[in-house]
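Reading through the C-alpha cells given below for one structure.
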Amino acid sequence: MSKEIVLSGIRSTGNLHLGNYYGALRKFVKIQDDYDCRFFIADLHALTTNPNPADLHANVKKILAEYLAAGIDPDKATIFIQSDVPEVAEMYLLLNMHVGIGELMRTTSFKDKARKALGLSAPAEGDDDEAFEKQIIGSETNKRVNAGLLTYPTLMAVDILIQKATKVPVGKDQLQHLELTRRFARRFNSFYNVDYFAEPYDFDFGGAPVKVPGLDGSGKMGKSEGNCIYLIDEPKALRKKVMRAVTDEGPKEPNSPMAEPVANLFSLLELTSTPEVVKHYRDAYADCSIRYGDLKKQLAEDILAVTTPIRERINDILADEDYLRRVVKQGAEKARESAAKTLADVRQIMGIRKF
Ligand code: TYM
C-alpha cells in the first residue's frame, strides 16, 4: 500500500527559530520514516515581502542546511525548493480563478502583513475593517500591498494540492490557510463535478497545534516580531536573550493567576524541559517561592540542549555545496514528477486541451 503523503514548507526569510522548530521542523523529522514526506523551502512565498535577491538565495541555502542539520534525511523525505517546480506557478494561476478576493482579504495573515506593508499599527478592538480596506485600495503613498500577498493562500493551497498531500504538519498560525485549502479543494471538485482533490488536514500526532511564544511578553515568536531564539544562536547570545525575557514582580499570594509573559516562559519550558522540571517550577510559582532568574537559567540550558547539536552541524553542511546541490536536484525531480501529473489532470478537468 502506498504511504500517505505529508507536505509542509517554511518560507526562506531568515534562519529558523524555535517557533519553526516546534511548530514544524521537529515534526518533519519524526514522521519521515512512516509517511511519503515532501518538505520544501517556500522561496516564492518569501517574495511576497520583496526581499533583496542576494538575501533570498542565501536564505534558501540556510534553510536547506537547517533542514538537513535538524535530521531530515533526503533518502527518506523529498526535500525541494518551491521555485524548482514551475508547475506550481501555473496551477496557482488556474486555481486563482476559483478564489474570491473577499475571502483572501479577510485572512488574518493578509490583514497583518498588509498593515505592516502600509506601516499601520496593529488593529485595536472594534477597528473598522471597511476603513482598513479603503486604505489598502486607496493608498496614495509609495507603500503598497502587493497582489502576491493577497493571493498567498492560493499559492499555499497549490503547494499542498499539487502534491496530493493529505497531512500538513504546521504551527497554529497556519491553520486558517489550511481551512482555505480545504475550501478551495471542495469548490474545485464541486464546480467541475469531480472527486479529484482530497481535503488536507493539520498533522499533530494527536496533540494540540503549537504556538511558540516570544520572549518579549506577548504574541508568537516570529521573525518580523524580532523576538526570536534561533537554532543557530551561539550559547552566549542565547543565554542573554533568555535572561532578558520579560517577567513580572512574581506572585504575591499562593496560586495567583499567571500574567502572559510568565505563562509564555512556562510554555517554552514545557516544550524544552522534562515534566519534572516543569512541575518543580509550577509548584514554586504556586507557593510563591519561584525565582525567575533560576527558571530562565534552566530554560536557557534546556533550549541549548536542543539547539546545540543542530547548530554544530549547520556550518559543515553549508560548506558542502555539492551535497546541497545534489539534495535539491534529486528533490526537484521527484516533486516535479507528481506536480506535473496533477497539473495535467487539472488542465484537462478545466477544459484546457491540446489540438
Ligand atoms: P512560515 O515560514 O511562517 O513558518 C514555517 C512553519 O513554522 C511554524 N511557526 C510556528 N509554529 C509555532 N509557533 C510559532 N511561533 C511559529 N512560527 C512559525 C508555522 O506554523 C509553519 O508551520 N505559509 C507557510 C509556508 C508554506 C506552507 C505551504 C506550509 C507555504 N506553503 C504548504 C505548509 C504547506 C509559512 O509562511 O510558514
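We label chains A, B, ... in the order they appear in the C-alpha cells, count residues from 1 in each chain, and number ligands from 1 in the order shown.
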I'd like the contact shell of A:Asp202 - 12 Å cut-off, only C-alpha atoms, skipping same-chain residues fewer than 5 positions apart - returned as a list in words.
Val6, Leu7, Ser8, Gly23, Ala24, Lys27, Ile160, Ala165, Thr166, Lys167, Val168, Pro169, Val170, Gly171, Lys172, Asp173, Gln174, Leu175, Gln176, His177, Leu178, Glu179, Thr181, Arg182, Gly207, Ala208, Pro209 and Val210 of chain A
Can you pull out the residues contacting A:Ser273? Cut-off 12 Å, using only C-alpha atoms, and skip same-chain residues under 2 positions away; I want them as a PDB file with N, CA, C and O atoms, in the first residue's frame.
ATOM      1  N   LEU A 265       6.901  31.948  29.384  1.00  0.00           N
ATOM      2  CA  LEU A 265       8.125  31.244  29.791  1.00  0.00           C
ATOM      3  C   LEU A 265       7.816  29.785  30.119  1.00  0.00           C
ATOM      4  O   LEU A 265       8.565  28.877  29.763  1.00  0.00           O
ATOM      5  N   PHE A 266       6.689  29.580  30.787  1.00  0.00           N
ATOM      6  CA  PHE A 266       6.292  28.200  31.103  1.00  0.00           C
ATOM      7  C   PHE A 266       5.975  27.412  29.825  1.00  0.00           C
ATOM      8  O   PHE A 266       6.270  26.225  29.750  1.00  0.00           O
ATOM      9  N   SER A 267       5.370  28.075  28.845  1.00  0.00           N
ATOM     10  CA  SER A 267       5.098  27.356  27.578  1.00  0.00           C
ATOM     11  C   SER A 267       6.400  26.881  26.955  1.00  0.00           C
ATOM     12  O   SER A 267       6.493  25.749  26.448  1.00  0.00           O
ATOM     13  N   LEU A 268       7.421  27.739  26.985  1.00  0.00           N
ATOM     14  CA  LEU A 268       8.713  27.345  26.413  1.00  0.00           C
ATOM     15  C   LEU A 268       9.346  26.218  27.227  1.00  0.00           C
ATOM     16  O   LEU A 268       9.924  25.286  26.675  1.00  0.00           O
ATOM     17  N   LEU A 269       9.203  26.335  28.548  1.00  0.00           N
ATOM     18  CA  LEU A 269       9.756  25.299  29.419  1.00  0.00           C
ATOM     19  C   LEU A 269       9.086  23.956  29.132  1.00  0.00           C
ATOM     20  O   LEU A 269       9.733  22.909  29.078  1.00  0.00           O
ATOM     21  N   GLU A 270       7.768  24.008  28.908  1.00  0.00           N
ATOM     22  CA  GLU A 270       7.040  22.770  28.622  1.00  0.00           C
ATOM     23  C   GLU A 270       7.548  22.097  27.340  1.00  0.00           C
ATOM     24  O   GLU A 270       7.583  20.876  27.240  1.00  0.00           O
ATOM     25  N   LEU A 271       7.934  22.929  26.375  1.00  0.00           N
ATOM     26  CA  LEU A 271       8.419  22.361  25.114  1.00  0.00           C
ATOM     27  C   LEU A 271       9.819  21.775  25.243  1.00  0.00           C
ATOM     28  O   LEU A 271      10.157  20.801  24.581  1.00  0.00           O
ATOM     29  N   PRO A 275       9.018  16.836  32.261  1.00  0.00           N
ATOM     30  CA  PRO A 275       7.824  17.126  33.073  1.00  0.00           C
ATOM     31  C   PRO A 275       8.191  17.418  34.536  1.00  0.00           C
ATOM     32  O   PRO A 275       7.553  18.258  35.184  1.00  0.00           O
ATOM     33  N   GLU A 276       9.247  16.782  35.046  1.00  0.00           N
ATOM     34  CA  GLU A 276       9.643  17.015  36.453  1.00  0.00           C
ATOM     35  C   GLU A 276      10.093  18.456  36.645  1.00  0.00           C
ATOM     36  O   GLU A 276       9.740  19.098  37.635  1.00  0.00           O
ATOM     37  N   VAL A 277      10.878  18.938  35.701  1.00  0.00           N
ATOM     38  CA  VAL A 277      11.369  20.322  35.796  1.00  0.00           C
ATOM     39  C   VAL A 277      10.184  21.298  35.737  1.00  0.00           C
ATOM     40  O   VAL A 277      10.085  22.231  36.529  1.00  0.00           O
ATOM     41  N   VAL A 278       9.279  21.040  34.820  1.00  0.00           N
ATOM     42  CA  VAL A 278       8.121  21.933  34.682  1.00  0.00           C
ATOM     43  C   VAL A 278       7.330  21.933  35.991  1.00  0.00           C
ATOM     44  O   VAL A 278       6.947  22.989  36.504  1.00  0.00           O
ATOM     45  N   LYS A 279       7.134  20.746  36.554  1.00  0.00           N
ATOM     46  CA  LYS A 279       6.353  20.640  37.796  1.00  0.00           C
ATOM     47  C   LYS A 279       7.054  21.400  38.923  1.00  0.00           C
ATOM     48  O   LYS A 279       6.420  22.125  39.691  1.00  0.00           O
ATOM     49  N   HIS A 280       8.365  21.244  38.994  1.00  0.00           N
ATOM     50  CA  HIS A 280       9.131  21.938  40.040  1.00  0.00           C
ATOM     51  C   HIS A 280       8.855  23.448  39.993  1.00  0.00           C
ATOM     52  O   HIS A 280       8.551  24.067  41.024  1.00  0.00           O
ATOM     53  N   TYR A 281       8.916  24.037  38.794  1.00  0.00           N
ATOM     54  CA  TYR A 281       8.729  25.493  38.702  1.00  0.00           C
ATOM     55  C   TYR A 281       7.257  25.892  38.849  1.00  0.00           C
ATOM     56  O   TYR A 281       6.951  26.947  39.379  1.00  0.00           O
ATOM     57  N   LEU A 295      14.570  30.018  36.896  1.00  0.00           N
ATOM     58  CA  LEU A 295      13.740  29.458  35.824  1.00  0.00           C
ATOM     59  C   LEU A 295      14.378  29.758  34.463  1.00  0.00           C
ATOM     60  O   LEU A 295      14.484  28.880  33.590  1.00  0.00           O
ATOM     61  N   LYS A 296      14.834  30.990  34.291  1.00  0.00           N
ATOM     62  CA  LYS A 296      15.412  31.374  32.994  1.00  0.00           C
ATOM     63  C   LYS A 296      16.716  30.627  32.727  1.00  0.00           C
ATOM     64  O   LYS A 296      16.974  30.213  31.596  1.00  0.00           O
ATOM     65  N   LYS A 297      17.528  30.465  33.778  1.00  0.00           N
ATOM     66  CA  LYS A 297      18.795  29.730  33.580  1.00  0.00           C
ATOM     67  C   LYS A 297      18.507  28.303  33.123  1.00  0.00           C
ATOM     68  O   LYS A 297      19.113  27.798  32.188  1.00  0.00           O
ATOM     69  N   GLN A 298      17.555  27.687  33.799  1.00  0.00           N
ATOM     70  CA  GLN A 298      17.171  26.318  33.440  1.00  0.00           C
ATOM     71  C   GLN A 298      16.670  26.262  31.994  1.00  0.00           C
ATOM     72  O   GLN A 298      17.054  25.390  31.212  1.00  0.00           O
ATOM     73  N   LEU A 299      15.814  27.236  31.675  1.00  0.00           N
ATOM     74  CA  LEU A 299      15.228  27.263  30.338  1.00  0.00           C
ATOM     75  C   LEU A 299      16.325  27.401  29.283  1.00  0.00           C
ATOM     76  O   LEU A 299      16.327  26.678  28.274  1.00  0.00           O
ATOM     77  N   ALA A 300      17.267  28.318  29.520  1.00  0.00           N
ATOM     78  CA  ALA A 300      18.343  28.537  28.543  1.00  0.00           C
ATOM     79  C   ALA A 300      19.131  27.243  28.326  1.00  0.00           C
ATOM     80  O   ALA A 300      19.424  26.864  27.181  1.00  0.00           O
ATOM     81  N   GLU A 301      19.441  26.543  29.412  1.00  0.00           N
ATOM     82  CA  GLU A 301      20.231  25.308  29.250  1.00  0.00           C
ATOM     83  C   GLU A 301      19.425  24.240  28.519  1.00  0.00           C
ATOM     84  O   GLU A 301      19.957  23.502  27.694  1.00  0.00           O
ATOM     85  N   ASP A 302      18.140  24.159  28.817  1.00  0.00           N
ATOM     86  CA  ASP A 302      17.322  23.144  28.152  1.00  0.00           C
ATOM     87  C   ASP A 302      17.143  23.451  26.665  1.00  0.00           C
ATOM     88  O   ASP A 302      17.097  22.539  25.837  1.00  0.00           O
ATOM     89  N   ILE A 303      17.033  24.738  26.353  1.00  0.00           N
ATOM     90  CA  ILE A 303      16.942  25.101  24.922  1.00  0.00           C
ATOM     91  C   ILE A 303      18.262  24.742  24.232  1.00  0.00           C
ATOM     92  O   ILE A 303      18.280  24.157  23.145  1.00  0.00           O
ATOM     93  N   LEU A 304      19.367  25.074  24.898  1.00  0.00           N
ATOM     94  CA  LEU A 304      20.679  24.783  24.291  1.00  0.00           C
ATOM     95  C   LEU A 304      20.886  23.286  24.055  1.00  0.00           C
ATOM     96  O   LEU A 304      21.515  22.889  23.067  1.00  0.00           O
ATOM     97  N   ALA A 305      20.323  22.477  24.949  1.00  0.00           N
ATOM     98  CA  ALA A 305      20.464  21.020  24.754  1.00  0.00           C
ATOM     99  C   ALA A 305      19.778  20.592  23.449  1.00  0.00           C
ATOM    100  O   ALA A 305      20.212  19.648  22.781  1.00  0.00           O
ATOM    101  N   VAL A 306      18.727  21.318  23.081  1.00  0.00           N
ATOM    102  CA  VAL A 306      18.033  21.000  21.816  1.00  0.00           C
ATOM    103  C   VAL A 306      18.791  21.585  20.623  1.00  0.00           C
ATOM    104  O   VAL A 306      18.987  20.925  19.597  1.00  0.00           O
TER     105      VAL A 306
END
One residue among A:Ala185, A:Cys228, A:Leu68, A:Leu118 is nearest to ligand 1 when using only C-alpha atoms and all ligand atoms, and that residue is A:Cys228
Can you list, as a VMD selection string, every protein, DNA or RNA residue that comes within 8 Å of A:Gly331 when you count only C-alpha atoms, leaving out same-chain residues fewer than 6 positions away?
chain A and resid 74 78 to 81
From the options A:Ala69, A:Cys37, A:Met97, A:Met156, which residue's atoms come nearest to A:Gln82, counting only C-alpha atoms?
A:Met156
Exercise: A:Asn59 partners within 6 Å, only C-alpha atoms, chain neighbours under 3 positions left out, as a PDB file with C-alpha atoms, in the first residue's frame:
ATOM      1  CA  SER A  12      13.043  31.423   3.209  1.00  0.00           C
ATOM      2  CA  GLY A  14      15.962  34.070   7.532  1.00  0.00           C
ATOM      3  CA  ASP A  55      19.328  37.623   0.609  1.00  0.00           C
ATOM      4  CA  LEU A  56      16.687  35.382  -0.903  1.00  0.00           C
ATOM      5  CA  LYS A  62      20.429  28.450   5.119  1.00  0.00           C
TER       6      LYS A  62
END
Could you pull the residues within 10 Å of A:Tyr67, counting only C-alpha atoms, minus those fewer than 5 positions along the same chain, as a PyMOL selection string?
chain A and resi 10+16+21+25-26+28-29+39-41+61-62+72-74+79+310+314
Can you check which residues of stretch 142-228 of chain A DSSP gives as strand (DSSP E or B) on the backbone and send them as number ranges by chain?
A: 167-168, 201-202, 213, 220
Generate a file of the selected residues that holds N, CA, C and O atoms, formatted as a tab-separated table (two decimals), in the first residue's frame.
chain	number	residue	atom	x	y	z
A	167	LYS	N	-1.87	15.29	4.70
A	167	LYS	CA	-1.44	15.66	6.05
A	167	LYS	C	-0.41	16.77	5.96
A	167	LYS	O	0.57	16.66	5.21
A	168	VAL	N	-0.64	17.82	6.75
A	168	VAL	CA	0.21	19.01	6.65
A	168	VAL	C	0.65	19.46	8.05
A	168	VAL	O	-0.12	20.10	8.77
A	201	TYR	N	-5.46	17.93	6.03
A	201	TYR	CA	-5.62	18.36	7.43
A	201	TYR	C	-4.27	18.55	8.11
A	201	TYR	O	-3.27	17.96	7.70
A	202	ASP	N	-4.33	19.33	9.17
A	202	ASP	CA	-3.16	19.54	10.00
A	202	ASP	C	-2.71	18.20	10.59
A	202	ASP	O	-3.51	17.28	10.73
A	213	PRO	N	5.56	31.04	21.94
A	213	PRO	CA	5.51	32.47	22.20
A	213	PRO	C	6.88	33.13	22.06
A	213	PRO	O	7.91	32.46	22.05
A	220	LYS	N	3.34	35.63	19.38
A	220	LYS	CA	4.11	34.44	18.99
A	220	LYS	C	5.53	34.82	18.62
A	220	LYS	O	5.82	35.97	18.28
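Among the candidate residues A:Leu149, A:Leu47, A:Met221, A:Val88, the one lying nearest to ligand 1 is A:Met221, with distances computed using only C-alpha atoms and all ligand atoms.
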Please list as a list in words every residue within 12 Å of A:Ala344, counting only C-alpha atoms and excluding residues in the same chain fewer than 5 positions away.
Glu87, Val88, Glu90, Met91, Leu94, Ile162, Arg336, Glu337, Ser338, Ala339, Ile349, Met350, Gly351, Ile352, Arg353 and Lys354 of chain A
Of the candidates A:Asp75, A:Asp287, A:Asp159, A:Asp320, which shows the shortest atom-to-atom distance to ligand 1, using only C-alpha atoms and all ligand atoms?
A:Asp159
Who sits within 7 Å of stretch 249-260 of chain A, only C-alpha atoms, same chain under 4 positions skipped, as a PyMOL selection string:
chain A and resi 217-218+264+285-288
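Nearest-residue note for A:Leu150: choosing from A:His45, A:Phe203, A:Lys211, A:Val60, the minimum distance belongs to A:His45, counting only C-alpha atoms.
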Among stretch 33-101 of chain A, which ones does DSSP place in alpha helix (DSSP H), written as number ranges by chain?
A: 43-46, 53-70, 86-96, 101
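Here atom CA of A:Thr154 is placed at a distance of 22.1 Å from atom CA of A:Ser224.
Here atom 19 (C, counted along the ligand's line) of ligand 1 is placed at a distance of 19.4 Å from atom CA of A:Ser83.
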Please indicate the distance in Å from atom 14 (C, counted along the ligand's line) of ligand 1 to atom CA of A:Phe110, rounded to one decimal place.
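These atoms are spaced 16.9 Å apart.
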